[in-house]
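A.B. asks: If it helps, the file is called start-v2.cif and holds mmCIF, C-alpha atoms:
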```cif
data_start
#
loop_
_atom_site.label_atom_id
_atom_site.label_comp_id
_atom_site.auth_asym_id
_atom_site.auth_seq_id
_atom_site.Cartn_x
_atom_site.Cartn_y
_atom_site.Cartn_z
CA MET A 1 -50.24 44.72 -8.94
CA THR A 2 -53.85 44.73 -7.75
CA LYS A 3 -55.92 47.87 -7.32
CA VAL A 4 -59.44 48.14 -5.89
CA VAL A 5 -61.35 51.17 -7.16
CA LYS A 6 -64.47 52.67 -5.61
CA PHE A 7 -66.57 55.26 -7.42
CA GLY A 8 -68.99 57.55 -5.62
CA GLY A 9 -72.50 58.57 -6.59
CA THR A 10 -71.55 61.71 -8.51
CA SER A 11 -69.09 59.62 -10.53
CA LEU A 12 -71.96 57.36 -11.62
CA ALA A 13 -74.89 59.75 -11.77
CA GLU A 14 -75.53 59.49 -15.52
CA ALA A 15 -74.25 57.87 -18.72
CA LYS A 16 -71.52 60.44 -19.47
CA GLN A 17 -70.06 59.87 -16.02
CA PHE A 18 -70.11 56.09 -16.56
CA LEU A 19 -68.00 56.62 -19.68
CA LYS A 20 -65.43 58.58 -17.68
CA VAL A 21 -65.32 55.76 -15.13
CA ALA A 22 -64.91 53.14 -17.85
CA ASP A 23 -62.02 55.09 -19.40
CA ILE A 24 -60.30 55.34 -16.01
CA ILE A 25 -60.62 51.61 -15.33
CA ARG A 26 -59.57 50.54 -18.82
CA SER A 27 -56.51 52.80 -18.71
CA ASP A 28 -54.93 50.60 -16.04
CA PRO A 29 -55.25 46.77 -16.13
CA ASP A 30 -54.25 46.69 -12.46
CA ARG A 31 -57.68 48.15 -11.60
CA ARG A 32 -59.26 44.75 -11.15
CA TYR A 33 -62.07 45.13 -8.62
CA VAL A 34 -64.66 47.89 -8.87
CA VAL A 35 -67.02 49.03 -6.09
CA PRO A 36 -69.79 51.34 -7.35
CA SER A 37 -72.18 53.55 -5.42
CA ALA A 38 -75.76 54.27 -6.46
CA PRO A 39 -76.39 57.14 -8.91
CA GLY A 40 -76.00 60.49 -7.17
CA LYS A 41 -77.23 63.92 -8.13
CA ARG A 42 -76.82 64.94 -11.78
CA PHE A 43 -77.34 68.62 -11.00
CA SER A 44 -78.24 70.91 -8.13
CA GLY A 45 -81.76 70.12 -6.98
CA ASP A 46 -81.68 66.57 -8.35
CA THR A 47 -82.49 63.59 -6.10
CA LYS A 48 -80.10 60.75 -5.28
CA VAL A 49 -81.40 57.34 -6.32
CA THR A 50 -80.97 56.01 -2.79
CA ASP A 51 -83.35 58.68 -1.50
CA MET A 52 -85.79 57.79 -4.29
CA PHE A 53 -85.69 54.16 -3.20
CA TYR A 54 -86.32 55.14 0.42
CA ALA A 55 -89.35 57.24 -0.56
CA CYS A 56 -90.65 54.51 -2.85
CA TYR A 57 -90.36 51.81 -0.19
CA ASP A 58 -91.93 53.97 2.51
CA SER A 59 -94.97 54.46 0.30
CA ALA A 60 -95.16 50.76 -0.57
CA SER A 61 -94.82 49.64 3.06
CA ARG A 62 -97.78 51.85 3.99
CA GLY A 63 -99.87 50.28 1.26
CA GLY A 64 -99.78 53.43 -0.83
CA ASP A 65 -99.41 53.86 -4.57
CA PHE A 66 -95.68 53.82 -5.26
CA GLU A 67 -95.78 53.12 -8.99
CA GLU A 68 -95.12 56.72 -10.07
CA ILE A 69 -91.89 57.12 -8.12
CA PHE A 70 -90.87 53.55 -8.98
CA GLN A 71 -91.23 54.42 -12.65
CA LYS A 72 -88.96 57.44 -12.12
CA ILE A 73 -86.32 55.12 -10.66
CA LYS A 74 -86.65 52.79 -13.64
CA ASN A 75 -86.31 55.75 -15.98
CA ARG A 76 -83.05 56.82 -14.31
CA TYR A 77 -81.48 53.43 -14.92
CA ASN A 78 -82.95 52.96 -18.38
CA ASP A 79 -81.63 56.38 -19.38
CA ILE A 80 -78.15 55.31 -18.29
CA ILE A 81 -78.39 52.02 -20.19
CA SER A 82 -79.61 53.68 -23.38
CA GLY A 83 -77.05 56.46 -23.03
CA LEU A 84 -74.30 53.84 -22.91
CA GLY A 85 -75.76 51.90 -25.83
CA LEU A 86 -75.79 48.67 -23.81
CA ASP A 87 -77.70 45.60 -24.89
CA MET A 88 -79.19 44.76 -21.50
CA SER A 89 -82.43 44.98 -19.56
CA LEU A 90 -83.10 45.30 -15.83
CA GLU A 91 -86.82 44.58 -16.13
CA ASP A 92 -86.60 41.25 -14.28
CA ASP A 93 -84.70 42.99 -11.46
CA PHE A 94 -87.24 45.83 -11.34
CA GLU A 95 -90.12 43.37 -11.05
CA HIS A 96 -88.34 41.44 -8.30
CA ILE A 97 -87.72 44.66 -6.39
CA ARG A 98 -91.33 45.79 -6.83
CA LEU A 99 -92.64 42.52 -5.38
CA ASN A 100 -90.22 42.72 -2.47
CA PHE A 101 -91.38 46.24 -1.73
CA ILE A 102 -94.97 45.02 -1.58
CA GLY A 103 -93.75 42.20 0.67
CA ARG A 104 -92.01 44.73 2.96
CA ALA A 105 -88.47 43.45 2.56
CA GLY A 106 -87.16 46.33 4.67
CA ARG A 107 -85.64 49.79 4.24
CA ASP A 108 -82.11 48.37 4.13
CA TYR A 109 -83.12 46.21 1.20
CA ALA A 110 -84.65 49.23 -0.52
CA ALA A 111 -81.58 51.39 0.04
CA SER A 112 -79.22 48.72 -1.27
CA ARG A 113 -80.91 48.36 -4.64
CA GLY A 114 -79.29 51.52 -5.97
CA GLU A 115 -75.82 50.01 -5.70
CA TYR A 116 -77.05 46.58 -6.81
CA LEU A 117 -78.48 47.86 -10.09
CA ASN A 118 -75.58 50.22 -10.74
CA GLY A 119 -73.20 47.33 -10.20
CA LYS A 120 -74.92 45.31 -12.88
CA ILE A 121 -74.62 48.16 -15.38
CA VAL A 122 -70.94 48.78 -14.59
CA ALA A 123 -70.18 45.05 -14.94
CA LYS A 124 -71.92 44.92 -18.31
CA LEU A 125 -70.15 48.05 -19.52
CA LEU A 126 -66.70 46.74 -18.57
CA GLY A 127 -67.26 43.06 -19.32
CA PHE A 128 -66.41 42.21 -15.69
CA ALA A 129 -67.98 39.53 -13.49
CA PHE A 130 -70.77 40.72 -11.18
CA ILE A 131 -70.54 39.58 -7.55
CA ASP A 132 -73.56 40.38 -5.39
CA ALA A 133 -72.28 41.89 -2.13
CA ALA A 134 -74.94 39.92 -0.26
CA ASP A 135 -73.06 36.73 -1.18
CA VAL A 136 -69.66 37.82 0.13
CA ILE A 137 -70.09 40.54 2.79
CA PHE A 138 -71.73 39.58 6.06
CA PHE A 139 -73.11 41.03 9.26
CA ASP A 140 -73.58 39.16 12.54
CA GLU A 141 -76.78 38.70 14.52
CA SER A 142 -76.38 42.12 16.16
CA GLY A 143 -76.04 43.84 12.80
CA LYS A 144 -72.30 44.50 13.04
CA TYR A 145 -69.95 43.82 10.14
CA ASP A 146 -68.56 40.28 10.47
CA ALA A 147 -64.96 40.37 9.25
CA LYS A 148 -64.17 36.82 10.41
CA ARG A 149 -66.80 35.39 8.08
CA THR A 150 -66.47 37.93 5.25
CA ILE A 151 -62.75 38.04 4.52
CA PRO A 152 -62.16 34.29 3.92
CA ILE A 153 -65.25 33.90 1.73
CA LEU A 154 -64.60 37.09 -0.24
CA ARG A 155 -60.90 36.29 -0.65
CA GLU A 156 -61.70 32.82 -1.99
CA ARG A 157 -64.23 34.26 -4.46
CA LEU A 158 -61.77 36.85 -5.72
CA SER A 159 -59.00 34.28 -6.06
CA TYR A 160 -60.67 32.81 -9.15
CA THR A 161 -62.23 36.06 -10.44
CA GLU A 162 -59.67 38.23 -12.21
CA TYR A 163 -61.94 41.23 -12.79
CA ALA A 164 -65.17 41.89 -10.91
CA VAL A 165 -67.72 44.47 -9.80
CA ILE A 166 -68.94 44.27 -6.18
CA PRO A 167 -71.69 46.77 -5.28
CA GLY A 168 -70.99 48.98 -2.29
CA PHE A 169 -73.00 49.82 0.82
CA TYR A 170 -74.59 46.48 1.75
CA GLY A 171 -74.21 42.84 2.72
CA SER A 172 -76.40 40.18 4.29
CA MET A 173 -77.50 39.10 7.76
CA PRO A 174 -77.35 35.47 9.00
CA ASN A 175 -81.04 35.11 8.05
CA ASP A 176 -80.17 36.26 4.49
CA THR A 177 -81.93 39.61 4.79
CA ILE A 178 -80.10 42.68 3.48
CA ARG A 179 -78.17 44.94 5.83
CA THR A 180 -76.56 48.26 4.87
CA PHE A 181 -73.66 50.20 6.31
CA SER A 182 -74.32 53.80 7.32
CA ARG A 183 -74.68 56.39 4.56
CA GLY A 184 -71.46 56.62 2.60
CA GLY A 185 -70.84 52.96 3.31
CA SER A 186 -69.59 52.16 -0.18
CA ASP A 187 -66.25 53.48 1.07
CA ILE A 188 -66.31 50.69 3.65
CA THR A 189 -67.11 48.04 1.03
CA GLY A 190 -64.16 49.21 -1.05
CA SER A 191 -61.88 48.95 1.94
CA ILE A 192 -63.14 45.45 2.75
CA VAL A 193 -62.61 44.29 -0.84
CA ALA A 194 -59.10 45.78 -0.81
CA ALA A 195 -58.27 43.88 2.38
CA ALA A 196 -59.66 40.59 1.06
CA ALA A 197 -57.83 41.00 -2.26
CA ASP A 198 -54.54 41.91 -0.52
CA ALA A 199 -54.56 44.91 -2.82
CA ASP A 200 -51.52 47.09 -3.37
CA LEU A 201 -53.68 50.21 -3.54
CA TYR A 202 -57.27 51.24 -2.83
CA GLU A 203 -58.37 54.11 -5.07
CA ASN A 204 -61.38 56.08 -3.89
CA TRP A 205 -62.75 58.13 -6.80
CA THR A 206 -65.00 61.06 -5.96
CA ASP A 207 -65.75 64.62 -7.13
CA VAL A 208 -62.81 66.33 -5.41
CA SER A 209 -59.08 66.03 -6.10
CA GLY A 210 -58.14 64.75 -2.66
CA PHE A 211 -58.40 65.91 0.93
CA LEU A 212 -58.44 69.66 1.32
CA ILE A 213 -56.48 71.25 4.16
CA ALA A 214 -59.64 73.09 5.22
CA ASP A 215 -63.35 73.15 4.42
CA PRO A 216 -63.82 75.02 1.10
CA ARG A 217 -67.10 76.38 2.45
CA VAL A 218 -65.06 78.23 5.06
CA VAL A 219 -61.68 78.83 3.41
CA ASP A 220 -61.54 80.09 -0.16
CA ASN A 221 -59.78 77.61 -2.48
CA PRO A 222 -57.80 75.64 0.15
CA GLN A 223 -54.81 73.56 -0.90
CA VAL A 224 -54.98 69.77 -1.33
CA MET A 225 -53.04 67.55 1.05
CA LYS A 226 -50.47 65.51 -0.87
CA THR A 227 -50.17 62.87 1.86
CA VAL A 228 -52.02 62.22 5.10
CA THR A 229 -51.58 59.46 7.67
CA TYR A 230 -54.36 57.30 9.08
CA ARG A 231 -54.01 58.94 12.49
CA GLU A 232 -54.26 62.42 11.02
CA LEU A 233 -57.33 61.46 9.02
CA ARG A 234 -58.99 59.99 12.10
CA GLU A 235 -58.57 63.29 13.93
CA LEU A 236 -59.83 65.32 10.97
CA SER A 237 -62.75 62.99 10.23
CA TYR A 238 -63.92 63.19 13.82
CA MET A 239 -64.02 66.98 13.52
CA GLY A 240 -66.04 66.94 10.34
CA ALA A 241 -63.79 66.20 7.33
CA THR A 242 -65.92 63.89 5.17
CA VAL A 243 -64.17 62.94 1.92
CA ILE A 244 -64.05 59.28 2.93
CA HIS A 245 -66.17 57.35 5.42
CA GLU A 246 -64.33 57.17 8.74
CA ASP A 247 -64.96 53.42 9.18
CA ALA A 248 -63.39 52.71 5.77
CA ILE A 249 -59.95 53.28 7.22
CA PHE A 250 -59.68 50.25 9.49
CA PRO A 251 -59.78 47.27 7.08
CA VAL A 252 -56.95 48.73 4.97
CA MET A 253 -55.05 50.26 7.87
CA GLN A 254 -54.68 46.85 9.49
CA LYS A 255 -53.10 45.49 6.29
CA LYS A 256 -51.13 48.70 5.57
CA ILE A 257 -52.84 49.17 2.22
CA PRO A 258 -52.60 52.81 1.08
CA ILE A 259 -55.64 54.75 -0.12
CA ARG A 260 -55.47 57.34 -2.88
CA ILE A 261 -58.30 59.84 -3.22
CA LYS A 262 -58.84 60.80 -6.87
CA ASN A 263 -61.19 63.00 -8.89
CA THR A 264 -63.25 61.25 -11.58
CA ASN A 265 -63.63 64.52 -13.45
CA SER A 266 -59.89 65.34 -13.25
CA PRO A 267 -58.15 61.95 -13.31
CA GLU A 268 -54.80 63.57 -14.11
CA ASP A 269 -54.72 65.25 -10.68
CA ALA A 270 -52.43 63.50 -8.21
CA GLY A 271 -55.02 63.47 -5.43
CA THR A 272 -54.17 62.62 -1.84
CA LEU A 273 -52.30 59.52 -0.67
CA LEU A 274 -53.49 58.15 2.65
CA ALA A 275 -50.87 55.87 4.18
CA ASP A 276 -48.66 55.28 7.20
CA THR A 277 -45.55 57.34 6.56
CA ASP A 278 -42.78 58.98 8.53
CA GLU A 279 -42.11 61.48 5.79
CA PRO A 280 -42.62 65.08 6.93
CA ALA A 281 -45.65 66.84 5.53
CA GLU A 282 -45.33 69.68 3.05
CA ASN A 283 -46.89 71.99 5.66
CA THR A 284 -46.46 71.82 9.42
CA VAL A 285 -50.25 71.64 9.68
CA THR A 286 -51.80 68.88 7.57
CA GLY A 287 -55.38 69.99 8.09
CA VAL A 288 -57.74 72.23 10.03
CA ALA A 289 -61.27 71.03 10.75
CA GLY A 290 -63.98 71.88 13.22
CA ARG A 291 -67.57 71.64 14.31
CA LYS A 292 -70.07 73.89 15.98
CA GLY A 293 -72.71 72.85 18.49
CA PHE A 294 -70.85 72.25 21.74
CA SER A 295 -71.44 73.24 25.35
CA SER A 296 -69.07 73.52 28.30
CA ILE A 297 -70.17 72.39 31.76
CA ASN A 298 -68.00 74.39 34.15
CA ILE A 299 -67.48 73.11 37.70
CA GLU A 300 -65.81 75.24 40.38
CA LYS A 301 -64.78 74.13 43.86
CA TYR A 302 -61.79 75.03 46.02
CA ARG A 303 -59.00 72.44 45.48
CA ILE A 304 -61.29 70.07 43.60
CA HIS A 305 -58.19 68.90 41.71
CA ASP A 306 -56.97 67.26 44.93
CA GLU A 307 -60.15 65.25 45.42
CA CYS A 308 -59.72 61.60 44.44
CA GLY A 309 -62.53 60.50 42.14
CA ALA A 310 -63.95 63.97 41.44
CA VAL A 311 -63.79 63.58 37.66
CA ARG A 312 -65.13 60.04 37.86
CA LYS A 313 -68.18 61.24 39.80
CA MET A 314 -68.93 63.90 37.20
CA LEU A 315 -68.53 61.46 34.34
CA GLU A 316 -70.85 59.00 36.07
CA VAL A 317 -73.51 61.71 36.14
CA LEU A 318 -73.10 62.21 32.39
CA GLU A 319 -73.22 58.46 31.82
CA GLU A 320 -76.49 58.20 33.75
CA HIS A 321 -77.95 60.85 31.46
CA GLY A 322 -76.53 59.24 28.31
CA VAL A 323 -74.12 62.09 27.54
CA ASN A 324 -70.65 61.52 26.03
CA PHE A 325 -67.88 63.99 26.76
CA GLU A 326 -65.42 65.45 24.25
CA HIS A 327 -62.72 67.11 26.39
CA ILE A 328 -61.98 67.81 30.06
CA PRO A 329 -59.72 70.84 30.52
CA SER A 330 -58.92 71.42 34.19
CA GLY A 331 -57.33 73.73 36.73
CA ILE A 332 -56.62 73.60 40.46
CA ASP A 333 -60.09 74.75 41.47
CA ASN A 334 -62.12 73.91 38.39
CA PHE A 335 -62.98 71.42 35.67
CA SER A 336 -64.80 71.92 32.42
CA ILE A 337 -66.50 69.13 30.51
CA VAL A 338 -67.15 69.81 26.84
CA VAL A 339 -70.14 67.95 25.36
CA GLU A 340 -72.34 68.17 22.29
CA THR A 341 -75.19 70.56 23.02
CA THR A 342 -77.80 68.27 21.47
CA SER A 343 -76.81 65.45 23.82
CA LEU A 344 -77.97 67.52 26.80
CA GLY A 345 -81.49 67.67 25.42
CA ASP A 346 -83.87 69.03 28.06
CA GLU A 347 -81.86 67.52 30.93
CA THR A 348 -79.40 70.38 31.44
CA ASP A 349 -80.90 71.46 34.77
CA ASP A 350 -80.98 67.87 36.04
CA ILE A 351 -77.35 67.31 35.05
CA VAL A 352 -76.26 70.52 36.80
CA TYR A 353 -78.18 69.50 39.91
CA ASP A 354 -76.70 66.00 39.97
CA ILE A 355 -73.12 67.26 39.49
CA LYS A 356 -73.57 69.72 42.38
CA LYS A 357 -74.92 66.90 44.50
CA VAL A 358 -72.04 64.46 43.94
CA THR A 359 -69.23 67.07 44.08
CA SER A 360 -70.59 69.71 46.48
CA ALA A 361 -69.29 72.23 43.95
CA SER A 362 -69.65 75.91 44.72
CA SER A 363 -70.69 76.61 41.14
CA VAL A 364 -71.84 74.57 38.14
CA THR A 365 -72.69 76.52 35.00
CA VAL A 366 -73.29 75.65 31.35
CA GLU A 367 -72.01 77.73 28.45
CA ASN A 368 -73.51 77.07 25.03
CA GLY A 369 -72.51 78.26 21.57
CA ILE A 370 -69.02 76.76 21.47
CA ALA A 371 -67.12 75.54 18.41
CA LEU A 372 -64.22 73.05 18.53
CA ILE A 373 -61.41 73.29 16.00
CA ALA A 374 -58.68 70.69 15.53
CA VAL A 375 -55.30 71.68 14.14
CA VAL A 376 -53.71 68.44 12.92
CA GLY A 377 -50.26 67.62 11.60
CA ARG A 378 -47.73 64.84 12.01
CA SER A 379 -44.89 67.37 11.72
CA MET A 380 -46.18 69.45 14.61
CA LYS A 381 -44.39 67.47 17.31
CA SER A 382 -40.99 68.17 15.74
CA THR A 383 -41.69 71.82 14.96
CA ARG A 384 -41.10 74.55 17.51
CA GLY A 385 -43.64 77.27 18.15
CA VAL A 386 -46.75 75.72 16.64
CA ALA A 387 -48.96 76.56 19.60
CA GLY A 388 -47.40 80.01 19.81
CA THR A 389 -48.19 80.67 16.15
CA ILE A 390 -51.82 79.61 16.66
CA PHE A 391 -52.32 81.77 19.74
CA SER A 392 -50.53 84.85 18.44
CA SER A 393 -52.36 84.76 15.09
CA LEU A 394 -55.73 84.48 16.83
CA ALA A 395 -54.81 87.24 19.29
CA LYS A 396 -54.09 89.60 16.38
CA GLU A 397 -57.62 88.95 15.15
CA ASN A 398 -59.08 89.54 18.66
CA ILE A 399 -60.36 85.96 18.82
CA ASN A 400 -60.70 84.66 22.36
CA ILE A 401 -59.67 81.03 23.01
CA LYS A 402 -61.93 79.34 25.55
CA MET A 403 -60.08 76.02 25.80
CA ILE A 404 -56.84 74.37 24.68
CA ASP A 405 -56.27 70.61 24.59
CA GLN A 406 -53.29 68.85 23.03
CA GLY A 407 -53.34 65.08 22.54
CA SER A 408 -50.55 62.91 23.94
CA SER A 409 -49.57 61.93 20.40
CA GLU A 410 -48.75 65.60 19.73
CA ILE A 411 -50.28 65.47 16.25
CA ASN A 412 -53.26 67.65 17.12
CA ILE A 413 -54.23 70.69 19.14
CA VAL A 414 -57.92 71.29 19.84
CA ILE A 415 -59.13 74.75 20.70
CA ALA A 416 -62.57 76.02 21.62
CA VAL A 417 -63.92 79.38 20.51
CA ALA A 418 -67.30 81.05 20.38
CA GLU A 419 -69.37 79.86 17.44
CA ARG A 420 -69.49 83.40 16.08
CA ASP A 421 -65.68 83.21 15.68
CA TYR A 422 -65.65 79.78 14.00
CA GLU A 423 -65.07 80.82 10.38
CA ARG A 424 -62.58 83.55 11.30
CA THR A 425 -60.61 81.14 13.46
CA ILE A 426 -60.20 78.51 10.74
CA ASN A 427 -59.23 81.13 8.16
CA THR A 428 -56.71 82.68 10.54
CA ILE A 429 -55.04 79.36 11.39
CA TYR A 430 -55.01 78.31 7.72
CA SER A 431 -53.34 81.55 6.69
CA ALA A 432 -50.76 81.24 9.48
CA PHE A 433 -49.49 77.86 8.33
CA VAL A 434 -50.28 77.44 4.63
CA LYS A 435 -48.14 79.56 2.34
#
```
What would you get if you wrote out this structure as structure tokens?

C.D. replies:
Amino acid sequence: MTKVVKFGGTSLAEAKQFLKVADIIRSDPDRRYVVPSAPGKRFSGDTKVTDMFYACYDSASRGGDFEEIFQKIKNRYNDIISGLGLDMSLEDDFEHIRLNFIGRAGRDYAASRGEYLNGKIVAKLLGFAFIDAADVIFFDESGKYDAKRTIPILRERLSYTEYAVIPGFYGSMPNDTIRTFSRGGSDITGSIVAAAADADLYENWTDVSGFLIADPRVVDNPQVMKTVTYRELRELSYMGATVIHEDAIFPVMQKKIPIRIKNTNSPEDAGTLLADTDEPAENTVTGVAGRKGFSSINIEKYRIHDECGAVRKMLEVLEEHGVNFEHIPSGIDNFSIVVETTSLGDETDDIVYDIKKVTSASSVTVENGIALIAVVGRSMKSTRGVAGTIFSSLAKENINIKMIDQGSSEINIVIAVAERDYERTINTIYSAFVK
């Protein structure tokens, strides 16, 4: 069996966390390929190493004195090395990085060094081979991840490397410069390595014991999901659930490799298994997630629903203004288009004017201060009364629903409420379904 294991920044923030990681890996010989993040925060108010590298590079690129912050970065790594009692030095790497900063190697290069150096320490600690991600993970000329080039080269490298550490978050461009994924991109690297290794399982180790049914900042002590499907996670991630990077799903999903989310500080916890499954969930609702910051553009015109192309005309107006839409609830004489408020910028009046012009609508208004909440669950489509339970529970709390939208897959229902009702809505729905 082959397992790929990725450890987040809090799991590798200091020496004592490295020792926990080493114990986890050594406890299972099937954990063959390790993807580390850069050191995260050690305590509240601490600074992530990646942010230190960004600040250091920005100062260097402006010709400023960056030696003080660079020394702080060196101290972080040297403290880890000494705390682990390792016989190794990163001085040659530090000097190479310092010269590249002076030579303006780029912010992506700077950001990637956190994972690069951490990878070297993890490899030394475990006695594993170190594979620089820049040698095996590639981006194309446009800066997009190049799977066609990456997978064959990475698979061939792994085929003769039984145990290895591959730093997360970065790869290389065709001109050999460094390119990073978006923040949290070590999740993506882990998924890519799992796909190339034809792994049986991708373990993503973090500081929580799996996916929570709801945001713990909103719901007090929410339950952990035992299993969640890729489709459910996509819906929840889009609405703000952030345990794993959304783009990390696709490389393993295509190969049907399951992901298990585990807690480095509580390795005995079962965590959450992310996989394609037809098994019913423990609860009818797998998760509840939401976001604030939406607006509804409301268009009214007699029998507009009968007009061919009416929606297309409105969407073309949004496209011209660079605005994406989220949902389009409709009636016989009206449409509403839900968009992110920030996407409107200072063009709200122009958008309203243009929509009136192309539709001859009797009224076009914009309502701000809307929150969207997704209620997600693969068992919902086979359970009677889910929508009724949602609506009746919210009615008892005097929460007004502004919009309802159910996807064709029947695994999610999206509702819109006033932002002031956001927290109450999530708590009410959670309490209605989770016993």

A.B. asks: Could you check how far CA of Glu347 in chain A sits from CA of Glu320 in chain A, in Å to one decimal?

C.D. replies: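 Computed distance, CA of Glu347 in chain A to CA of Glu320 in chain A, equals 11.1 Å.
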
A.B. asks: Translate the PyMOL selection byres ((chain A and resi 281-298) around 8), as applied to the file shown, into an explicit residue set as a PyMOL selection string.

C.D. replies: chain A and resi 212-215+225-228+232+236+239-241+279-280+299-300+334-342+363-380+383+419+422+426+429-430+433-434

A.B. asks: Specify as a compact mmCIF listing (two decimals) with C-alpha atoms, in the coordinates of the input each residue included when the PyMOL selection byres ((chain A and resi 25) around 12) is applied to this file.

C.D. replies:
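Saved the output as selection.txt:
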```txt
# COMPACT_ATOMS: atom_id res chain seq x y z
CA LYS A 3 -55.92 47.87 -7.32
CA VAL A 4 -59.44 48.14 -5.89
CA VAL A 5 -61.35 51.17 -7.16
CA LYS A 6 -64.47 52.67 -5.61
CA PHE A 7 -66.57 55.26 -7.42
CA PHE A 18 -70.11 56.09 -16.56
CA LEU A 19 -68.00 56.62 -19.68
CA LYS A 20 -65.43 58.58 -17.68
CA VAL A 21 -65.32 55.76 -15.13
CA ALA A 22 -64.91 53.14 -17.85
CA ASP A 23 -62.02 55.09 -19.40
CA ILE A 24 -60.30 55.34 -16.01
CA ARG A 26 -59.57 50.54 -18.82
CA SER A 27 -56.51 52.80 -18.71
CA ASP A 28 -54.93 50.60 -16.04
CA PRO A 29 -55.25 46.77 -16.13
CA ASP A 30 -54.25 46.69 -12.46
CA ARG A 31 -57.68 48.15 -11.60
CA ARG A 32 -59.26 44.75 -11.15
CA TYR A 33 -62.07 45.13 -8.62
CA VAL A 34 -64.66 47.89 -8.87
CA VAL A 35 -67.02 49.03 -6.09
CA VAL A 122 -70.94 48.78 -14.59
CA ALA A 123 -70.18 45.05 -14.94
CA LEU A 125 -70.15 48.05 -19.52
CA LEU A 126 -66.70 46.74 -18.57
CA GLY A 127 -67.26 43.06 -19.32
CA PHE A 128 -66.41 42.21 -15.69
CA TYR A 163 -61.94 41.23 -12.79
CA ALA A 164 -65.17 41.89 -10.91
CA VAL A 165 -67.72 44.47 -9.80
CA GLU A 203 -58.37 54.11 -5.07
CA TRP A 205 -62.75 58.13 -6.80
CA THR A 264 -63.25 61.25 -11.58
CA PRO A 267 -58.15 61.95 -13.31
```

A.B. asks: Given the choices A:Ser11, A:Tyr230, A:Glu235, A:Leu158, which gets closest to Ala197 in chain A if the distance is worked out from all atoms listed in the file?

C.D. replies: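 Once distances to Ala197 in chain A are computed over all atoms listed in the file, the minimum belongs to A:Leu158.
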
A.B. asks: Return the single residue from A:Thr272, A:Asp93, A:Leu99, A:Phe139 that is closest to Tyr202 in chain A, with distances computed using only C-alpha atoms.

C.D. replies: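 The shortest atom-to-atom distance to Tyr202 in chain A comes from A:Thr272.
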
A.B. asks: Provide the CA of Ile328 in chain A to CA of Gln406 in chain A distance in Å, to one decimal place.

C.D. replies: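 Between these atoms lies a distance of 11.2 Å.
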
A.B. asks: Is there a way to get, as a list in words, all residues within 6 Å of the point (-60.7, 84.4, 13.8) in file coordinates, counting all atoms listed in the file?

C.D. replies: Leu394, Glu397, Ile399, Asp421, Arg424, Thr425 and Thr428 of chain A

A.B. asks: What does the file look like for those residues with C-alpha atoms, as a PDB file, in the frame of the given file?

C.D. replies:
```pdb
ATOM      1  CA  LEU A 394     -55.730  84.480  16.830  1.00  0.00           C
ATOM      2  CA  GLU A 397     -57.620  88.950  15.150  1.00  0.00           C
ATOM      3  CA  ILE A 399     -60.360  85.960  18.820  1.00  0.00           C
ATOM      4  CA  ASP A 421     -65.680  83.210  15.680  1.00  0.00           C
ATOM      5  CA  ARG A 424     -62.580  83.550  11.300  1.00  0.00           C
ATOM      6  CA  THR A 425     -60.610  81.140  13.460  1.00  0.00           C
ATOM      7  CA  THR A 428     -56.710  82.680  10.540  1.00  0.00           C
TER       8      THR A 428
END
```

A.B. asks: Between CA of Asp207 in chain A and CA of Leu273 in chain A, what is the spacing in Å?

C.D. replies: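 Straight-line distance from CA of Leu273 in chain A to CA of Asp207 in chain A works out to 15.8 Å.
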
A.B. asks: Compile the contact shell of range 194-196 of chain A as a PyMOL selection string: residues with an atom at most 12 Å away, counting only C-alpha atoms, same-chain residues fewer than 3 positions apart removed.

C.D. replies: chain A and resi 2-6+31-35+136-137+147-159+166+187-191+199-204+248-259

A.B. asks: Between A:Lys120, A:Lys301, A:Lys357, A:Arg420, which has the minimum distance to Ser330 in chain A (counting only C-alpha atoms)?

C.D. replies: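 When distances to Ser330 in chain A are compared using only C-alpha atoms, the smallest one comes from A:Lys301.
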
A.B. asks: Evaluate the PyMOL selection byres ((chain A and resi 271) around 6) against this structure - the residues, as a list in words, please.

C.D. replies: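 Given this file, the PyMOL selection byres ((chain A and resi 271) around 6) evaluates to Ser209, Gly210, Ile261, Lys262, Asp269, Ala270 and Thr272 of chain A.
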
A.B. asks: Which residue out of A:Glu316, A:Ala418, A:Ile121, A:Phe101 has the minimum interatomic distance to Leu86 in chain A when all atoms listed in the file are used?

C.D. replies: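 Nearest candidate to Leu86 in chain A out of A:Glu316, A:Ala418, A:Ile121, A:Phe101: A:Ile121.
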
A.B. asks: Using all atoms listed in the file, which protein or nucleic acid residues come within 10 Å of Ala105 in chain A? Drop anything in the same chain fewer than 6 positions from it, and give the result as a VMD selection string.

C.D. replies: chain A and resid 57 61 97 99 177 to 178

A.B. asks: Could you give me, as a list in words, the residues within 10 Å of Met173 in chain A, counting all atoms listed in the file and dropping anything in the same chain fewer than 3 positions from it?

C.D. replies: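 Everything that qualifies: Ala134, Ile137, Phe138, Phe139, Asp140, Glu141, Ser142, Gly143, Lys144, Tyr145, Asp146, Tyr170, Asp176, Thr177, Ile178, Arg179 and Thr180 of chain A.
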
A.B. asks: What are the centre and the three edge lengths of an axis-aligned box that wraps all atoms of range 185-195 of chain A in the file, given that 5 Å is added to every side, written as lines of an AutoDock Vina configuration file and rounded to one decimal in Å?

C.D. replies:
```
center_x = -64.6
center_y = 48.7
center_z = 1.3
size_x = 22.6
size_y = 19.6
size_z = 14.7
```
